[in-house]
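Below: work_20.cif (mmCIF, N, CA and C atoms)
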data_structure
#
loop_
_atom_site.label_atom_id
_atom_site.label_comp_id
_atom_site.auth_asym_id
_atom_site.auth_seq_id
_atom_site.Cartn_x
_atom_site.Cartn_y
_atom_site.Cartn_z
N MET S 1 29.21 -14.17 -21.88
CA MET S 1 29.11 -13.42 -20.65
C MET S 1 27.90 -13.92 -19.87
N ARG S 2 28.11 -14.26 -18.63
CA ARG S 2 27.05 -14.80 -17.78
C ARG S 2 26.50 -13.71 -16.87
N SER S 3 25.19 -13.60 -16.78
CA SER S 3 24.59 -12.59 -15.92
C SER S 3 24.47 -13.11 -14.49
N ARG S 4 24.44 -12.21 -13.55
CA ARG S 4 24.32 -12.60 -12.15
C ARG S 4 22.87 -12.92 -11.83
N PRO S 5 22.62 -13.74 -10.82
CA PRO S 5 21.24 -14.05 -10.42
C PRO S 5 20.56 -12.81 -9.83
N LEU S 6 19.26 -12.71 -10.04
CA LEU S 6 18.51 -11.59 -9.48
C LEU S 6 18.32 -11.76 -7.99
N THR S 7 18.33 -10.65 -7.29
CA THR S 7 18.10 -10.67 -5.84
C THR S 7 16.90 -9.79 -5.52
N VAL S 8 16.46 -9.84 -4.29
CA VAL S 8 15.34 -9.01 -3.85
C VAL S 8 15.66 -7.54 -4.04
N ALA S 9 16.90 -7.17 -3.83
CA ALA S 9 17.33 -5.77 -3.98
C ALA S 9 17.09 -5.25 -5.40
N ASP S 10 17.06 -6.14 -6.38
CA ASP S 10 16.80 -5.73 -7.76
C ASP S 10 15.36 -5.28 -7.97
N PHE S 11 14.46 -5.67 -7.07
CA PHE S 11 13.05 -5.37 -7.22
C PHE S 11 12.51 -4.39 -6.17
N MET S 12 13.19 -4.29 -5.05
CA MET S 12 12.70 -3.49 -3.92
C MET S 12 13.32 -2.08 -3.94
N THR S 13 12.68 -1.18 -3.22
CA THR S 13 13.18 0.17 -3.08
C THR S 13 13.04 0.60 -1.62
N THR S 14 13.82 1.58 -1.22
CA THR S 14 13.70 2.11 0.13
C THR S 14 12.80 3.33 0.17
N ALA S 15 12.38 3.80 -0.97
CA ALA S 15 11.46 4.94 -1.05
C ALA S 15 10.03 4.42 -0.87
N LEU S 16 9.62 4.24 0.39
CA LEU S 16 8.33 3.63 0.69
C LEU S 16 7.19 4.64 0.67
N ILE S 17 6.06 4.17 0.24
CA ILE S 17 4.81 4.90 0.41
C ILE S 17 4.12 4.22 1.58
N THR S 18 3.77 4.98 2.60
CA THR S 18 3.07 4.41 3.75
C THR S 18 1.79 5.19 3.98
N MET S 19 0.87 4.57 4.69
CA MET S 19 -0.39 5.20 5.04
C MET S 19 -0.58 5.08 6.55
N LYS S 20 -1.48 5.90 7.08
CA LYS S 20 -1.86 5.82 8.49
C LYS S 20 -3.28 5.24 8.55
N PRO S 21 -3.64 4.64 9.66
CA PRO S 21 -4.99 4.08 9.78
C PRO S 21 -6.10 5.11 9.57
N THR S 22 -5.80 6.38 9.77
CA THR S 22 -6.80 7.43 9.61
C THR S 22 -6.93 7.92 8.18
N ASP S 23 -6.03 7.52 7.29
CA ASP S 23 -6.13 7.89 5.88
C ASP S 23 -7.31 7.18 5.23
N THR S 24 -7.85 7.77 4.19
CA THR S 24 -9.01 7.17 3.54
C THR S 24 -8.60 6.11 2.52
N VAL S 25 -9.52 5.21 2.27
CA VAL S 25 -9.30 4.17 1.27
C VAL S 25 -9.17 4.79 -0.11
N VAL S 26 -9.91 5.85 -0.36
CA VAL S 26 -9.82 6.54 -1.66
C VAL S 26 -8.40 7.07 -1.86
N HIS S 27 -7.81 7.67 -0.83
CA HIS S 27 -6.44 8.17 -0.89
C HIS S 27 -5.48 7.02 -1.19
N ALA S 28 -5.65 5.90 -0.53
CA ALA S 28 -4.80 4.74 -0.76
C ALA S 28 -4.94 4.23 -2.19
N ASP S 29 -6.17 4.21 -2.69
CA ASP S 29 -6.42 3.75 -4.06
C ASP S 29 -5.68 4.62 -5.07
N VAL S 30 -5.74 5.92 -4.89
CA VAL S 30 -5.05 6.85 -5.80
C VAL S 30 -3.54 6.63 -5.73
N ASP S 31 -2.99 6.55 -4.53
CA ASP S 31 -1.55 6.34 -4.38
C ASP S 31 -1.10 5.02 -5.00
N MET S 32 -1.88 3.97 -4.80
CA MET S 32 -1.52 2.67 -5.36
C MET S 32 -1.52 2.70 -6.88
N ARG S 33 -2.50 3.35 -7.44
CA ARG S 33 -2.58 3.43 -8.91
C ARG S 33 -1.42 4.26 -9.48
N LEU S 34 -1.14 5.40 -8.85
CA LEU S 34 -0.06 6.26 -9.34
C LEU S 34 1.31 5.59 -9.24
N ALA S 35 1.53 4.87 -8.17
CA ALA S 35 2.82 4.22 -7.95
C ALA S 35 2.90 2.83 -8.59
N ASN S 36 1.76 2.35 -9.11
CA ASN S 36 1.68 1.03 -9.71
C ASN S 36 2.15 -0.06 -8.73
N ILE S 37 1.55 -0.01 -7.52
CA ILE S 37 1.88 -0.98 -6.48
C ILE S 37 0.61 -1.65 -6.00
N ARG S 38 0.76 -2.79 -5.34
CA ARG S 38 -0.40 -3.56 -4.88
C ARG S 38 -0.53 -3.64 -3.36
N HIS S 39 0.49 -3.18 -2.63
CA HIS S 39 0.47 -3.24 -1.17
C HIS S 39 1.09 -1.97 -0.59
N ILE S 40 0.51 -1.50 0.50
CA ILE S 40 1.04 -0.33 1.20
C ILE S 40 1.13 -0.65 2.69
N PRO S 41 2.31 -0.42 3.28
CA PRO S 41 2.42 -0.59 4.73
C PRO S 41 1.59 0.48 5.45
N VAL S 42 0.92 0.07 6.52
CA VAL S 42 0.15 1.00 7.35
C VAL S 42 0.92 1.15 8.65
N VAL S 43 1.24 2.41 9.01
CA VAL S 43 2.06 2.68 10.19
C VAL S 43 1.31 3.60 11.15
N ASP S 44 1.67 3.49 12.44
CA ASP S 44 1.05 4.37 13.43
C ASP S 44 1.82 5.70 13.48
N ASP S 45 1.48 6.55 14.45
CA ASP S 45 2.10 7.88 14.55
C ASP S 45 3.60 7.82 14.84
N ARG S 46 4.06 6.70 15.40
CA ARG S 46 5.48 6.55 15.69
C ARG S 46 6.24 5.86 14.56
N GLY S 47 5.55 5.54 13.47
CA GLY S 47 6.18 4.88 12.34
C GLY S 47 6.26 3.38 12.48
N LYS S 48 5.58 2.82 13.49
CA LYS S 48 5.59 1.37 13.70
C LYS S 48 4.56 0.71 12.79
N LEU S 49 4.96 -0.37 12.15
CA LEU S 49 4.08 -1.09 11.25
C LEU S 49 2.91 -1.69 12.02
N VAL S 50 1.69 -1.38 11.55
CA VAL S 50 0.49 -1.94 12.21
C VAL S 50 -0.33 -2.79 11.25
N GLY S 51 0.06 -2.81 9.98
CA GLY S 51 -0.66 -3.63 9.01
C GLY S 51 -0.20 -3.40 7.60
N ILE S 52 -0.77 -4.16 6.70
CA ILE S 52 -0.49 -4.04 5.27
C ILE S 52 -1.83 -3.92 4.56
N LEU S 53 -1.96 -2.92 3.72
CA LEU S 53 -3.18 -2.73 2.93
C LEU S 53 -2.92 -3.25 1.53
N SER S 54 -3.75 -4.16 1.07
CA SER S 54 -3.57 -4.72 -0.28
C SER S 54 -4.58 -4.10 -1.24
N ASN S 55 -4.33 -4.28 -2.51
CA ASN S 55 -5.27 -3.78 -3.52
C ASN S 55 -6.61 -4.51 -3.41
N ARG S 56 -6.60 -5.73 -2.92
CA ARG S 56 -7.86 -6.46 -2.71
C ARG S 56 -8.67 -5.83 -1.58
N ASP S 57 -7.98 -5.39 -0.53
CA ASP S 57 -8.66 -4.68 0.56
C ASP S 57 -9.34 -3.42 0.02
N VAL S 58 -8.61 -2.71 -0.82
CA VAL S 58 -9.15 -1.46 -1.39
C VAL S 58 -10.35 -1.76 -2.28
N LEU S 59 -10.25 -2.75 -3.13
CA LEU S 59 -11.37 -3.10 -4.01
C LEU S 59 -12.61 -3.50 -3.20
N ARG S 60 -12.39 -4.24 -2.14
CA ARG S 60 -13.51 -4.65 -1.27
C ARG S 60 -14.17 -3.42 -0.65
N ALA S 61 -13.37 -2.47 -0.19
CA ALA S 61 -13.90 -1.26 0.45
C ALA S 61 -14.58 -0.34 -0.55
N LEU S 62 -14.12 -0.33 -1.79
CA LEU S 62 -14.71 0.55 -2.79
C LEU S 62 -16.16 0.16 -3.10
N GLY S 63 -16.56 -1.04 -2.72
CA GLY S 63 -17.93 -1.47 -2.93
C GLY S 63 -18.89 -0.93 -1.89
N GLN S 64 -18.39 -0.24 -0.87
CA GLN S 64 -19.26 0.30 0.17
C GLN S 64 -19.92 1.59 -0.30
N ALA S 65 -21.02 1.93 0.34
CA ALA S 65 -21.84 3.07 -0.09
C ALA S 65 -21.14 4.41 0.05
N ASP S 66 -20.65 4.74 1.24
CA ASP S 66 -20.06 6.05 1.50
C ASP S 66 -18.54 5.95 1.50
N ILE S 67 -17.95 5.67 0.36
CA ILE S 67 -16.54 5.37 0.25
C ILE S 67 -15.64 6.53 0.65
N GLU S 68 -16.09 7.76 0.48
CA GLU S 68 -15.26 8.91 0.80
C GLU S 68 -14.86 8.96 2.27
N SER S 69 -15.65 8.38 3.14
CA SER S 69 -15.38 8.48 4.58
C SER S 69 -14.79 7.19 5.17
N VAL S 70 -14.58 6.17 4.36
CA VAL S 70 -14.03 4.91 4.87
C VAL S 70 -12.53 5.07 5.13
N ARG S 71 -12.13 4.83 6.36
CA ARG S 71 -10.72 4.93 6.77
C ARG S 71 -10.05 3.56 6.65
N ILE S 72 -8.76 3.58 6.43
CA ILE S 72 -8.00 2.34 6.31
C ILE S 72 -8.13 1.51 7.58
N GLY S 73 -8.12 2.15 8.72
CA GLY S 73 -8.21 1.44 9.98
C GLY S 73 -9.55 0.75 10.21
N ASP S 74 -10.56 1.13 9.43
CA ASP S 74 -11.87 0.52 9.56
C ASP S 74 -11.88 -0.85 8.92
#
Will you turn the file into structure tokens for me?
Amino acid sequence: MRSRPLTVADFMTTALITMKPTDTVVHADVDMRLANIRHIPVVDDRGKLVGILSNRDVLRALGQADIESVRIGD
């Protein structure tokens, strides 16, 4: 029995986690860890994509002094 080739649909989901530019980096870090993901789409108030937040972006921001107030849009 031969298996079918894997497609993107085998790995992707439509249940997206998104963030807004006004959300905090700490909030994004928690969501990324809980969902075991490395990237989160950042959308505006109309749901339009304005950027992608990576786990590297979060790690870089976590090194700042007042991390509780750092917004994704910053």
I'd like the neighbourhood of segment 36-53 of chain S as a PyMOL selection string, where a residue qualifies if any of its atoms comes within 6 Å (using all atoms listed in the file), though same-chain residues fewer than 3 positions away should be ignored. chain S and resi 17-21+31-33+57
All strand (DSSP E) residues (DSSP, backbone) inside chain S, as a PDB file with N, CA and C atoms, in the coordinates of the input:
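Contents of out-v7.pdb, freshly written:
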ATOM      1  N   HIS S  39       0.490  -3.180  -2.630  1.00  0.00           N
ATOM      2  CA  HIS S  39       0.470  -3.240  -1.170  1.00  0.00           C
ATOM      3  C   HIS S  39       1.090  -1.970  -0.590  1.00  0.00           C
ATOM      4  N   ILE S  40       0.510  -1.500   0.500  1.00  0.00           N
ATOM      5  CA  ILE S  40       1.040  -0.330   1.200  1.00  0.00           C
ATOM      6  C   ILE S  40       1.130  -0.650   2.690  1.00  0.00           C
ATOM      7  N   PRO S  41       2.310  -0.420   3.280  1.00  0.00           N
ATOM      8  CA  PRO S  41       2.420  -0.590   4.730  1.00  0.00           C
ATOM      9  C   PRO S  41       1.590   0.480   5.450  1.00  0.00           C
ATOM     10  N   VAL S  42       0.920   0.070   6.520  1.00  0.00           N
ATOM     11  CA  VAL S  42       0.150   1.000   7.350  1.00  0.00           C
ATOM     12  C   VAL S  42       0.920   1.150   8.650  1.00  0.00           C
ATOM     13  N   VAL S  43       1.240   2.410   9.010  1.00  0.00           N
ATOM     14  CA  VAL S  43       2.060   2.680  10.190  1.00  0.00           C
ATOM     15  C   VAL S  43       1.310   3.600  11.150  1.00  0.00           C
ATOM     16  N   LEU S  49       4.960  -0.370  12.150  1.00  0.00           N
ATOM     17  CA  LEU S  49       4.080  -1.090  11.250  1.00  0.00           C
ATOM     18  C   LEU S  49       2.910  -1.690  12.020  1.00  0.00           C
ATOM     19  N   VAL S  50       1.690  -1.380  11.550  1.00  0.00           N
ATOM     20  CA  VAL S  50       0.490  -1.940  12.210  1.00  0.00           C
ATOM     21  C   VAL S  50      -0.330  -2.790  11.250  1.00  0.00           C
ATOM     22  N   GLY S  51       0.060  -2.810   9.980  1.00  0.00           N
ATOM     23  CA  GLY S  51      -0.660  -3.630   9.010  1.00  0.00           C
ATOM     24  C   GLY S  51      -0.200  -3.400   7.600  1.00  0.00           C
ATOM     25  N   ILE S  52      -0.770  -4.160   6.700  1.00  0.00           N
ATOM     26  CA  ILE S  52      -0.490  -4.040   5.270  1.00  0.00           C
ATOM     27  C   ILE S  52      -1.830  -3.920   4.560  1.00  0.00           C
ATOM     28  N   LEU S  53      -1.960  -2.920   3.720  1.00  0.00           N
ATOM     29  CA  LEU S  53      -3.180  -2.730   2.930  1.00  0.00           C
ATOM     30  C   LEU S  53      -2.920  -3.250   1.530  1.00  0.00           C
ATOM     31  N   SER S  54      -3.750  -4.160   1.070  1.00  0.00           N
ATOM     32  CA  SER S  54      -3.570  -4.720  -0.280  1.00  0.00           C
ATOM     33  C   SER S  54      -4.580  -4.100  -1.240  1.00  0.00           C
TER      34      SER S  54
END
Return as a PyMOL selection string the set of residues that the PyMOL selection byres (((chain S and resi 74 and name CA) around 9) and name CA) yields on the displayed structure. chain S and resi 21-22+70-73
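Residues of segment 2-72 of chain S that DSSP places in helix (DSSP H, G or I), based on the backbone of this structure, are Val8, Ala9, Asp10, Val25, Val26, His27, Ala28, Asp29, Val30, Asp31, Met32, Arg33, Leu34, Ala35, Asn55, Arg56, Asp57, Val58, Leu59, Arg60, Ala61, Leu62, Ile67, Glu68 and Ser69 of chain S.
Here, the PyMOL selection byres (((chain S and resi 58 and name CA) around 9) and name CA) matches Val25, Val26, Ala28, Asp29, Leu53, Ser54, Asn55, Arg56, Asp57, Leu59, Arg60, Ala61, Leu62, Gly63 and Ile72 of chain S.
The space separating atom N of Ser69 of chain S from atom C of Leu16 of chain S comes to 23.3 Å.
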One-decimal distance in Å that lies between atom C of His27 of chain S and atom CA of Met12 of chain S: 21.2 Å
What is the atom C of Glu68 of chain S-atom C of Thr24 of chain S distance in Å, reported with one decimal? 6.9 Å
